[in-house]
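As provided, final01.cif (mmCIF, C-alpha atoms) reads as follows.
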```
data_work
#
loop_
_atom_site.label_atom_id
_atom_site.label_comp_id
_atom_site.auth_asym_id
_atom_site.auth_seq_id
_atom_site.Cartn_x
_atom_site.Cartn_y
_atom_site.Cartn_z
CA MET A 1 102.98 32.52 84.79
CA GLN A 2 104.54 30.84 81.75
CA SER A 3 108.25 31.69 81.44
CA TYR A 4 110.47 30.59 84.31
CA PRO A 5 113.88 32.24 84.71
CA SER A 6 115.46 28.89 85.62
CA LYS A 7 115.23 25.41 84.13
CA LEU A 8 115.89 23.86 87.56
CA LEU A 9 112.99 25.77 89.06
CA GLU A 10 110.76 24.87 86.12
CA GLN A 11 111.53 21.16 86.44
CA ALA A 12 110.79 21.19 90.16
CA VAL A 13 107.51 23.05 89.55
CA ASN A 14 106.56 20.56 86.81
CA GLU A 15 107.18 17.63 89.14
CA LEU A 16 105.38 19.19 92.13
CA ALA A 17 102.40 20.05 89.89
CA LYS A 18 101.90 16.31 89.25
CA LEU A 19 100.93 15.79 92.89
CA PRO A 20 97.16 15.38 93.31
CA GLY A 21 95.27 18.65 93.70
CA ILE A 22 98.34 20.80 93.07
CA GLY A 23 98.23 23.37 90.26
CA ARG A 24 101.18 25.25 88.80
CA LYS A 25 100.71 28.30 91.03
CA THR A 26 100.74 26.22 94.20
CA ALA A 27 103.68 24.20 92.87
CA LEU A 28 105.64 27.42 92.36
CA ARG A 29 104.81 28.52 95.90
CA MET A 30 106.06 25.16 97.18
CA ALA A 31 109.26 25.41 95.13
CA LEU A 32 109.99 28.91 96.44
CA GLN A 33 109.40 27.74 100.02
CA LEU A 34 111.79 24.83 99.43
CA LEU A 35 114.42 27.26 98.14
CA LYS A 36 114.20 29.14 101.44
CA ARG A 37 114.63 25.98 103.53
CA ASN A 38 118.07 24.57 104.17
CA VAL A 39 119.67 21.89 101.99
CA GLN A 40 119.27 19.09 104.58
CA GLU A 41 115.53 19.67 104.89
CA VAL A 42 114.98 19.54 101.14
CA GLU A 43 117.14 16.42 100.87
CA SER A 44 115.14 14.72 103.60
CA LEU A 45 111.89 15.49 101.70
CA GLY A 46 113.28 14.25 98.39
CA ASN A 47 114.83 11.15 99.91
CA ALA A 48 111.79 10.32 102.06
CA VAL A 49 109.52 10.01 99.02
CA ILE A 50 112.12 8.06 97.00
CA ARG A 51 112.84 5.71 99.92
CA MET A 52 109.14 5.17 100.56
CA ARG A 53 108.51 4.27 96.92
CA ASN A 54 111.53 1.96 96.68
CA ASP A 55 111.42 0.19 100.03
CA ILE A 56 107.77 -0.07 100.95
CA ILE A 57 106.42 -3.58 101.43
CA TYR A 58 102.84 -4.77 101.05
CA CYS A 59 101.68 -7.27 103.67
CA LYS A 60 101.54 -10.67 101.98
CA GLU A 61 98.32 -11.51 103.86
CA CYS A 62 96.17 -8.41 103.43
CA ARG A 63 98.18 -6.29 100.89
CA ASN A 64 98.19 -3.36 103.28
CA ILE A 65 101.22 -1.05 103.28
CA SER A 66 103.74 -2.37 105.78
CA ASP A 67 107.38 -2.36 106.80
CA GLN A 68 107.42 -6.13 107.32
CA ASP A 69 106.30 -9.12 105.24
CA VAL A 70 103.23 -9.44 107.43
CA CYS A 71 101.63 -6.27 108.83
CA SER A 72 101.04 -5.73 112.55
CA ILE A 73 97.28 -6.35 112.21
CA CYS A 74 97.68 -9.70 110.41
CA ALA A 75 100.47 -10.71 112.81
CA ASN A 76 98.26 -10.09 115.86
CA PRO A 77 96.98 -13.47 117.20
CA LYS A 78 94.24 -11.70 119.22
CA ARG A 79 92.45 -10.61 116.05
CA ASP A 80 89.77 -12.77 114.41
CA HIS A 81 91.38 -14.10 111.22
CA ALA A 82 88.09 -15.66 110.07
CA LEU A 83 86.53 -12.17 109.73
CA VAL A 84 87.91 -10.27 106.72
CA CYS A 85 86.96 -6.66 105.94
CA VAL A 86 87.55 -5.69 102.29
CA VAL A 87 88.54 -2.03 101.81
CA GLU A 88 89.72 0.20 98.99
CA ASP A 89 92.98 1.49 100.46
CA ILE A 90 95.03 2.06 103.57
CA ARG A 91 93.10 5.19 104.53
CA ASP A 92 90.03 3.05 105.10
CA VAL A 93 92.04 0.68 107.30
CA MET A 94 93.19 3.65 109.36
CA ALA A 95 89.64 5.06 109.58
CA ILE A 96 88.14 1.71 110.70
CA GLU A 97 90.98 1.10 113.18
CA ASN A 98 90.27 4.52 114.67
CA THR A 99 86.68 3.48 115.48
CA GLY A 100 87.98 0.67 117.70
CA GLN A 101 84.90 -1.37 116.68
CA PHE A 102 86.53 -4.00 114.47
CA GLY A 103 88.45 -7.02 115.73
CA GLY A 104 88.95 -8.90 112.48
CA VAL A 105 91.55 -8.51 109.74
CA TYR A 106 91.55 -6.61 106.43
CA HIS A 107 92.01 -7.17 102.75
CA VAL A 108 93.17 -4.07 100.87
CA LEU A 109 92.14 -4.05 97.19
CA GLY A 110 94.38 -1.11 96.29
CA GLY A 111 91.52 0.63 94.46
CA ILE A 112 88.06 -0.09 93.09
CA ILE A 113 86.86 -1.05 89.63
CA SER A 114 86.62 2.15 87.58
CA PRO A 115 86.43 1.87 83.79
CA MET A 116 86.65 5.67 83.59
CA GLU A 117 90.10 5.62 85.18
CA GLY A 118 91.10 2.42 83.40
CA ILE A 119 91.12 0.34 86.58
CA GLY A 120 89.84 -3.20 86.01
CA PRO A 121 89.66 -6.23 88.34
CA GLN A 122 93.10 -7.36 87.14
CA ASN A 123 94.64 -4.16 88.61
CA LEU A 124 93.30 -4.93 92.07
CA HIS A 125 94.26 -7.56 94.69
CA ILE A 126 91.12 -9.59 93.97
CA ASP A 127 92.85 -12.87 93.06
CA ALA A 128 94.68 -12.73 96.38
CA LEU A 129 91.34 -12.31 98.18
CA VAL A 130 89.85 -15.30 96.34
CA ALA A 131 92.94 -17.38 97.15
CA ARG A 132 92.62 -16.35 100.79
CA VAL A 133 88.96 -17.38 100.90
CA ALA A 134 89.75 -20.65 99.06
CA THR A 135 91.92 -21.79 101.98
CA GLY A 136 88.64 -22.29 103.88
CA THR A 137 89.75 -20.35 106.97
CA VAL A 138 87.53 -17.32 106.29
CA GLY A 139 84.00 -17.37 107.77
CA GLU A 140 82.75 -13.90 106.87
CA VAL A 141 83.76 -11.24 104.36
CA ILE A 142 82.56 -7.69 105.04
CA LEU A 143 82.53 -5.43 101.96
CA ALA A 144 83.43 -1.91 103.19
CA LEU A 145 83.79 -0.12 99.86
CA PRO A 146 82.66 3.40 98.96
CA THR A 147 78.92 3.91 98.41
CA THR A 148 79.45 5.00 94.81
CA ILE A 149 78.71 3.38 91.45
CA GLU A 150 82.32 2.15 91.32
CA GLY A 151 81.99 0.75 94.84
CA ASP A 152 78.73 -1.01 93.96
CA THR A 153 80.27 -2.43 90.78
CA THR A 154 83.21 -3.78 92.76
CA ASN A 155 80.86 -5.21 95.41
CA PHE A 156 78.91 -7.05 92.70
CA TYR A 157 82.09 -8.35 91.04
CA LEU A 158 83.35 -9.66 94.41
CA PHE A 159 79.94 -11.19 95.16
CA ARG A 160 80.15 -13.18 91.91
CA LYS A 161 83.76 -14.21 92.52
CA LEU A 162 83.03 -15.36 96.09
CA ALA A 163 79.60 -16.95 95.47
CA GLU A 164 81.02 -20.46 95.06
CA PHE A 165 82.51 -20.47 98.56
CA ASN A 166 80.65 -21.32 101.72
CA LEU A 167 80.88 -18.03 103.60
CA LYS A 168 78.83 -15.15 104.93
CA LEU A 169 79.11 -12.05 102.72
CA THR A 170 78.00 -8.74 104.27
CA THR A 171 78.29 -5.02 103.54
CA ILE A 172 78.63 -2.21 106.03
CA ALA A 173 75.31 -0.60 107.05
CA ARG A 174 74.17 2.33 104.96
CA GLY A 175 71.69 4.82 106.35
CA VAL A 176 71.27 8.17 108.04
CA SER A 177 74.49 9.41 109.66
CA ILE A 178 74.37 9.56 113.43
CA GLY A 179 73.70 13.16 114.49
CA ASP A 180 72.06 14.05 111.14
CA GLU A 181 68.62 15.59 110.73
CA LEU A 182 66.30 13.58 108.47
CA GLU A 183 65.36 16.67 106.47
CA HIS A 184 69.01 17.16 105.48
CA THR A 185 69.57 13.54 104.43
CA ASP A 186 69.51 12.88 100.68
CA GLU A 187 66.49 10.98 99.29
CA VAL A 188 68.36 7.85 98.22
CA THR A 189 69.94 7.34 101.64
CA LEU A 190 66.70 8.07 103.46
CA GLY A 191 64.71 5.78 101.15
CA ARG A 192 67.20 2.95 101.62
CA SER A 193 67.29 3.45 105.37
CA ILE A 194 63.52 2.88 105.51
CA LEU A 195 63.70 -0.22 103.27
CA ASN A 196 66.60 -1.65 105.30
CA ARG A 197 65.14 -0.77 108.71
CA THR A 198 66.47 -2.74 111.66
CA PRO A 199 64.72 -3.91 114.88
CA TYR A 200 64.75 -1.22 117.57
CA GLU A 201 67.29 -1.88 120.29
CA SER A 202 67.15 0.62 123.12
CA GLY A 203 70.55 1.97 124.12
CA LEU A 204 72.17 1.02 120.84
CA SER A 205 70.44 3.58 118.65
CA ARG A 206 72.37 6.53 120.10
CA LYS A 207 75.67 4.78 120.43
CA MET B 208 94.42 9.38 111.26
CA GLN B 209 97.23 8.97 113.79
CA SER B 210 98.81 5.52 113.55
CA TYR B 211 100.49 4.66 110.27
CA PRO B 212 101.18 1.02 109.45
CA SER B 213 104.59 1.90 108.01
CA LYS B 214 107.44 4.14 109.20
CA LEU B 215 108.46 4.84 105.61
CA LEU B 216 104.98 6.07 104.80
CA GLU B 217 104.84 8.12 107.99
CA GLN B 218 108.17 9.82 107.23
CA ALA B 219 107.07 10.71 103.70
CA VAL B 220 103.76 12.08 105.03
CA ASN B 221 105.61 14.12 107.66
CA GLU B 222 107.89 15.65 105.02
CA LEU B 223 105.08 16.35 102.53
CA ALA B 224 103.01 17.97 105.30
CA LYS B 225 105.76 20.60 105.69
CA LEU B 226 104.98 21.98 102.24
CA PRO B 227 102.98 25.23 102.44
CA GLY B 228 99.21 24.74 102.66
CA ILE B 229 99.45 20.95 102.94
CA GLY B 230 97.85 19.23 105.94
CA ARG B 231 98.38 15.64 107.03
CA LYS B 232 95.33 14.31 105.16
CA THR B 233 96.44 15.85 101.88
CA ALA B 234 100.01 14.66 102.50
CA LEU B 235 98.73 11.09 102.96
CA ARG B 236 96.76 11.37 99.71
CA MET B 237 99.94 12.55 97.97
CA ALA B 238 102.01 9.72 99.44
CA LEU B 239 99.46 7.10 98.32
CA GLN B 240 99.44 8.58 94.82
CA LEU B 241 103.26 8.45 94.74
CA LEU B 242 103.12 4.77 95.76
CA LYS B 243 100.96 4.09 92.70
CA ARG B 244 103.35 5.88 90.32
CA ASN B 245 106.39 4.09 89.00
CA VAL B 246 109.81 4.31 90.62
CA GLN B 247 111.33 6.54 87.92
CA GLU B 248 108.59 9.15 88.30
CA VAL B 249 109.00 9.35 92.07
CA GLU B 250 112.78 9.56 91.71
CA SER B 251 112.45 12.39 89.23
CA LEU B 252 110.24 14.30 91.71
CA GLY B 253 112.61 13.69 94.62
CA ASN B 254 115.71 14.52 92.61
CA ALA B 255 114.15 17.59 90.95
CA VAL B 256 113.58 19.31 94.30
CA ILE B 257 116.99 18.30 95.66
CA ARG B 258 118.78 19.40 92.47
CA MET B 259 116.89 22.70 92.44
CA ARG B 260 117.83 23.44 96.05
CA ASN B 261 121.48 22.47 95.58
CA ASP B 262 122.25 23.92 92.16
CA ILE B 263 120.11 27.01 91.84
CA ILE B 264 121.98 30.27 91.30
CA TYR B 265 120.83 33.76 92.17
CA CYS B 266 121.64 36.43 89.57
CA LYS B 267 124.51 38.49 90.99
CA GLU B 268 122.93 41.68 89.62
CA CYS B 269 119.29 41.43 90.68
CA ARG B 270 119.27 38.33 93.01
CA ASN B 271 116.57 36.72 90.92
CA ILE B 272 116.57 32.93 90.58
CA SER B 273 118.68 31.98 87.59
CA ASP B 274 120.67 29.19 85.96
CA GLN B 275 123.56 31.54 85.12
CA ASP B 276 125.58 34.09 87.08
CA VAL B 277 123.61 36.87 85.43
CA CYS B 278 119.93 36.29 84.61
CA SER B 279 118.50 36.73 81.11
CA ILE B 280 116.82 40.03 82.04
CA CYS B 281 119.98 41.61 83.46
CA ALA B 282 122.03 40.25 80.53
CA ASN B 283 119.68 41.85 77.98
CA PRO B 284 121.33 45.05 76.61
CA LYS B 285 117.98 46.30 75.25
CA ARG B 286 116.59 46.76 78.76
CA ASP B 287 116.97 50.05 80.65
CA HIS B 288 119.52 49.31 83.38
CA ALA B 289 118.99 52.75 84.95
CA LEU B 290 115.39 51.80 85.87
CA VAL B 291 115.25 49.30 88.73
CA CYS B 292 111.99 47.76 89.96
CA VAL B 293 112.21 46.39 93.54
CA VAL B 294 110.03 43.32 94.14
CA GLU B 295 109.48 40.78 96.90
CA ASP B 296 110.15 37.58 94.97
CA ILE B 297 110.39 35.88 91.60
CA ARG B 298 106.60 35.54 91.27
CA ASP B 299 106.35 39.33 91.06
CA VAL B 300 109.03 39.40 88.35
CA MET B 301 107.03 36.84 86.37
CA ALA B 302 103.77 38.78 86.91
CA ILE B 303 105.29 42.10 85.80
CA GLU B 304 107.04 40.48 82.82
CA ASN B 305 103.69 39.05 81.76
CA THR B 306 102.22 42.56 81.52
CA GLY B 307 104.79 43.47 78.86
CA GLN B 308 104.75 47.05 80.26
CA PHE B 309 108.16 47.21 81.91
CA GLY B 310 111.46 47.67 80.05
CA GLY B 311 113.78 48.14 83.02
CA VAL B 312 115.51 45.62 85.28
CA TYR B 313 114.61 44.19 88.68
CA HIS B 314 115.95 43.86 92.18
CA VAL B 315 114.54 40.88 94.07
CA LEU B 316 114.56 41.35 97.86
CA GLY B 317 113.72 37.69 98.60
CA GLY B 318 110.96 38.70 101.04
CA ILE B 319 109.72 41.73 102.94
CA ILE B 320 110.35 42.95 106.47
CA SER B 321 108.04 40.99 108.78
CA PRO B 322 108.80 40.96 112.52
CA MET B 323 105.97 38.44 113.00
CA GLU B 324 107.80 35.91 110.83
CA GLY B 325 111.23 36.92 112.12
CA ILE B 326 112.33 38.48 108.82
CA GLY B 327 114.43 41.60 109.31
CA PRO B 328 116.29 43.81 106.81
CA GLN B 329 119.43 41.69 107.30
CA ASN B 330 117.59 38.66 105.83
CA LEU B 331 116.81 40.51 102.59
CA HIS B 332 118.98 41.60 99.65
CA ILE B 333 118.84 45.24 100.74
CA ASP B 334 122.59 45.84 101.04
CA ALA B 335 122.98 44.59 97.48
CA LEU B 336 120.37 47.13 96.33
CA VAL B 337 122.13 49.95 98.16
CA ALA B 338 125.46 48.88 96.63
CA ARG B 339 123.84 48.82 93.20
CA VAL B 340 122.47 52.33 93.65
CA ALA B 341 125.78 53.54 95.05
CA THR B 342 127.49 52.84 91.70
CA GLY B 343 125.56 55.87 90.37
CA THR B 344 124.17 54.08 87.32
CA VAL B 345 120.60 53.89 88.61
CA GLY B 346 118.30 56.81 87.77
CA GLU B 347 114.98 55.57 89.18
CA VAL B 348 113.95 52.93 91.70
CA ILE B 349 110.33 51.74 91.55
CA LEU B 350 109.07 50.11 94.76
CA ALA B 351 106.64 47.35 93.70
CA LEU B 352 106.03 45.69 97.05
CA PRO B 353 102.73 44.33 98.43
CA THR B 354 100.21 46.90 99.66
CA THR B 355 100.30 45.49 103.19
CA ILE B 356 101.71 46.77 106.47
CA GLU B 357 104.85 44.68 105.87
CA GLY B 358 105.14 46.10 102.35
CA ASP B 359 104.72 49.66 103.63
CA THR B 360 107.31 49.05 106.37
CA THR B 361 109.77 47.75 103.81
CA ASN B 362 109.04 50.71 101.51
CA PHE B 363 109.80 53.13 104.34
CA TYR B 364 113.00 51.29 105.29
CA LEU B 365 114.19 51.40 101.67
CA PHE B 366 113.23 55.08 101.42
CA ARG B 367 115.47 55.86 104.40
CA LYS B 368 118.33 53.73 103.06
CA LEU B 369 118.17 55.30 99.60
CA ALA B 370 117.47 58.91 100.69
CA GLU B 371 121.15 59.94 100.54
CA PHE B 372 121.45 59.08 96.84
CA ASN B 373 120.45 61.34 93.99
CA LEU B 374 117.67 59.28 92.38
CA LYS B 375 113.98 59.24 91.68
CA LEU B 376 112.09 56.95 94.06
CA THR B 377 108.57 55.90 93.01
CA THR B 378 105.96 53.31 93.99
CA ILE B 379 103.50 51.54 91.71
CA ALA B 380 100.10 53.26 91.45
CA ARG B 381 97.47 52.16 93.95
CA GLY B 382 93.83 52.69 93.23
CA VAL B 383 90.63 51.15 91.97
CA SER B 384 91.30 48.02 89.89
CA ILE B 385 90.42 48.35 86.23
CA GLY B 386 87.01 46.78 85.64
CA ASP B 387 85.93 47.21 89.30
CA GLU B 388 82.78 48.95 90.49
CA LEU B 389 83.40 51.81 92.94
CA GLU B 390 80.76 50.46 95.34
CA HIS B 391 82.71 47.21 95.72
CA THR B 392 86.07 48.88 96.31
CA ASP B 393 87.23 49.00 99.94
CA GLU B 394 87.20 52.42 101.66
CA VAL B 395 90.95 52.76 102.09
CA THR B 396 91.66 52.12 98.42
CA LEU B 397 88.84 54.40 97.29
CA GLY B 398 89.89 57.15 99.71
CA ARG B 399 93.49 56.98 98.55
CA SER B 400 92.49 56.92 94.91
CA ILE B 401 90.70 60.25 95.41
CA LEU B 402 93.62 61.80 97.28
CA ASN B 403 96.10 60.57 94.66
CA ARG B 404 93.96 61.49 91.65
CA THR B 405 95.75 61.92 88.32
CA PRO B 406 95.08 64.30 85.41
CA TYR B 407 92.48 62.92 82.99
CA GLU B 408 94.00 61.56 79.79
CA SER B 409 91.43 60.44 77.27
CA GLY B 410 92.16 57.03 75.78
CA LEU B 411 94.51 56.03 78.60
CA SER B 412 91.91 55.65 81.34
CA ARG B 413 90.45 52.42 79.94
CA LYS B 414 93.72 50.94 78.77
#
```
Once more with this new file: its structure as structure tokens, please.
Amino acid sequence: MQSYPSKLLEQAVNELAKLPGIGRKTALRMALQLLKRNVQEVESLGNAVIRMRNDIIYCKECRNISDQDVCSICANPKRDHALVCVVEDIRDVMAIENTGQFGGVYHVLGGIISPMEGIGPQNLHIDALVARVATGTVGEVILALPTTIEGDTTNFYLFRKLAEFNLKLTTIARGVSIGDELEHTDEVTLGRSILNRTPYESGLSRK
Amino acid sequence: MQSYPSKLLEQAVNELAKLPGIGRKTALRMALQLLKRNVQEVESLGNAVIRMRNDIIYCKECRNISDQDVCSICANPKRDHALVCVVEDIRDVMAIENTGQFGGVYHVLGGIISPMEGIGPQNLHIDALVARVATGTVGEVILALPTTIEGDTTNFYLFRKLAEFNLKLTTIARGVSIGDELEHTDEVTLGRSILNRTPYESGLSRK
């Protein structure tokens, strides 16, 4: 699969192969499908990604992706602006919004600390979070980061940064997934879920 | 994963999700990765696909994708222009070229007959093949189409179209893959490979 009969095709394959999870074979399949589609369709794909990259705005409150200066969540007066949930990226915002269980606002870090990928605290929207907390309007910060080493590192970094402020700092509950058998739960999760056991509340446990 | 906080993001996700094998979750992951890349990189992706679609040329001899009127294979005087290998698309040309076993030229149909996908003979470069054969310069046509029902249908259609001409019509050999165990070969292939047995040639069998 090395020699392409056309430079134009090769360039398109090279560019498509830079997308995450796309190898050269899949990129070639994509390019051939695009060649079969009409010109307008391909232009609307190409222009949609360029327009998104050029014109997208990040909410100046929470740094979430937005079309306005302030996103619809931050602009909503019915939401609790004293309760801030810190997440890695927009996908987490969408996932939490889908649960319908959260009435506060978000702060999107835009990633987590990962020395392996060269992402340090200065690459994330951490200063903006500290500035937000420093205004004194925030009562509780919920850390909702991935349960990985990188997530734990970021949690600890944020804990140190926010320690000087008078606020409640929490993390989302970690434990056995609802609907899971204990025997299929990994040891670390099961062990932690015993250490961090909570008082039994009838009716809530199966919710 | 339904409500996007940005129309620009949603449009890009919608367009990316039209690529083959890409669902909405993968498209969102792609869009977020593009947002992290710099503007020039995203523009070169967008423009590469648009430029490919607008400027690509199909070789007027074999209908393969090309940057010139006649592709490098058809323009090569060392290749046997009387031996034409009929293939579905450019990936097959690349695969056969990689074997280094074929010294003839190609004819790219641009697909195979598939009523399920609404592809009929009129959507393929079949008339061009017939016109090419009608010039009388072609001595042998090798049908190298997929070993599927659609491939067999297309083979039969081409056989009928080319029957009136004085030429040798062959298909690529079908049988047990080299390196395969007989017990793991499917019945149809194994049955056919017994029916279509070939004289034993020592030295060639393991090549």
Please, which residues of chain A lie no more than 7 Å from chain B when the count uses all atoms listed in the file, and can they be set out as a VMD selection string? chain A and resid 1 5 to 9 11 to 12 15 to 16 19 to 20 30 35 39 42 to 43 45 to 50 52 to 54 56 65 to 67 94 to 95
Picked residues, the PyMOL selection byres ((chain A and resi 121-127) around 8), as a PyMOL selection string: chain A and resi 63+108-113+119-120+128-131+158
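What separates atom CA of Glu88 of chain A from atom CA of Cys62 of chain A is a distance of 11.6 Å.
Note that the spacing between atom CA of Val70 of chain A and atom CA of Gly151 of chain A amounts to 26.7 Å.
Atom pair atom CA of Thr147 of chain A / atom CA of Arg174 of chain A: separated by 8.2 Å.
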Given the file above and the PyMOL selection byres ((chain A and resi 145) around 9), which residues are selected, and can you give them as a VMD selection string? chain A and resid 86 to 88 92 112 143 to 144 146 to 148 150 to 152 154 to 155 171 to 172
I need the chosen residues saved as a PDB file, in the coordinates of the input, with C-alpha atoms.
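What ended up in selection-v2.pdb:
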```
ATOM      1  CA  VAL A  86      87.550  -5.690 102.290  1.00  0.00           C
ATOM      2  CA  VAL A  87      88.540  -2.030 101.810  1.00  0.00           C
ATOM      3  CA  GLU A  88      89.720   0.200  98.990  1.00  0.00           C
ATOM      4  CA  ASP A  92      90.030   3.050 105.100  1.00  0.00           C
ATOM      5  CA  ILE A 112      88.060  -0.090  93.090  1.00  0.00           C
ATOM      6  CA  LEU A 143      82.530  -5.430 101.960  1.00  0.00           C
ATOM      7  CA  ALA A 144      83.430  -1.910 103.190  1.00  0.00           C
ATOM      8  CA  PRO A 146      82.660   3.400  98.960  1.00  0.00           C
ATOM      9  CA  THR A 147      78.920   3.910  98.410  1.00  0.00           C
ATOM     10  CA  THR A 148      79.450   5.000  94.810  1.00  0.00           C
ATOM     11  CA  GLU A 150      82.320   2.150  91.320  1.00  0.00           C
ATOM     12  CA  GLY A 151      81.990   0.750  94.840  1.00  0.00           C
ATOM     13  CA  ASP A 152      78.730  -1.010  93.960  1.00  0.00           C
ATOM     14  CA  THR A 154      83.210  -3.780  92.760  1.00  0.00           C
ATOM     15  CA  ASN A 155      80.860  -5.210  95.410  1.00  0.00           C
ATOM     16  CA  THR A 171      78.290  -5.020 103.540  1.00  0.00           C
ATOM     17  CA  ILE A 172      78.630  -2.210 106.030  1.00  0.00           C
TER      18      ILE A 172
END
```
Residue neighbourhood Val188 of chain A, 12 Å, only C-alpha atoms, exclusion window fewer than 4 positions, as a VMD selection string: chain A and resid 147 to 148 174 to 176 182 184 192 to 196
With 5 Å of padding per side, what axis-aligned box (centre and edge lengths, Å, one decimal) covers all the listed atoms of segment 379-388 of chain B? Give it as JSON.
```
{"center_x": 93.1, "center_y": 50.0, "center_z": 89.8, "size_x": 30.7, "size_y": 16.5, "size_z": 18.3}
```
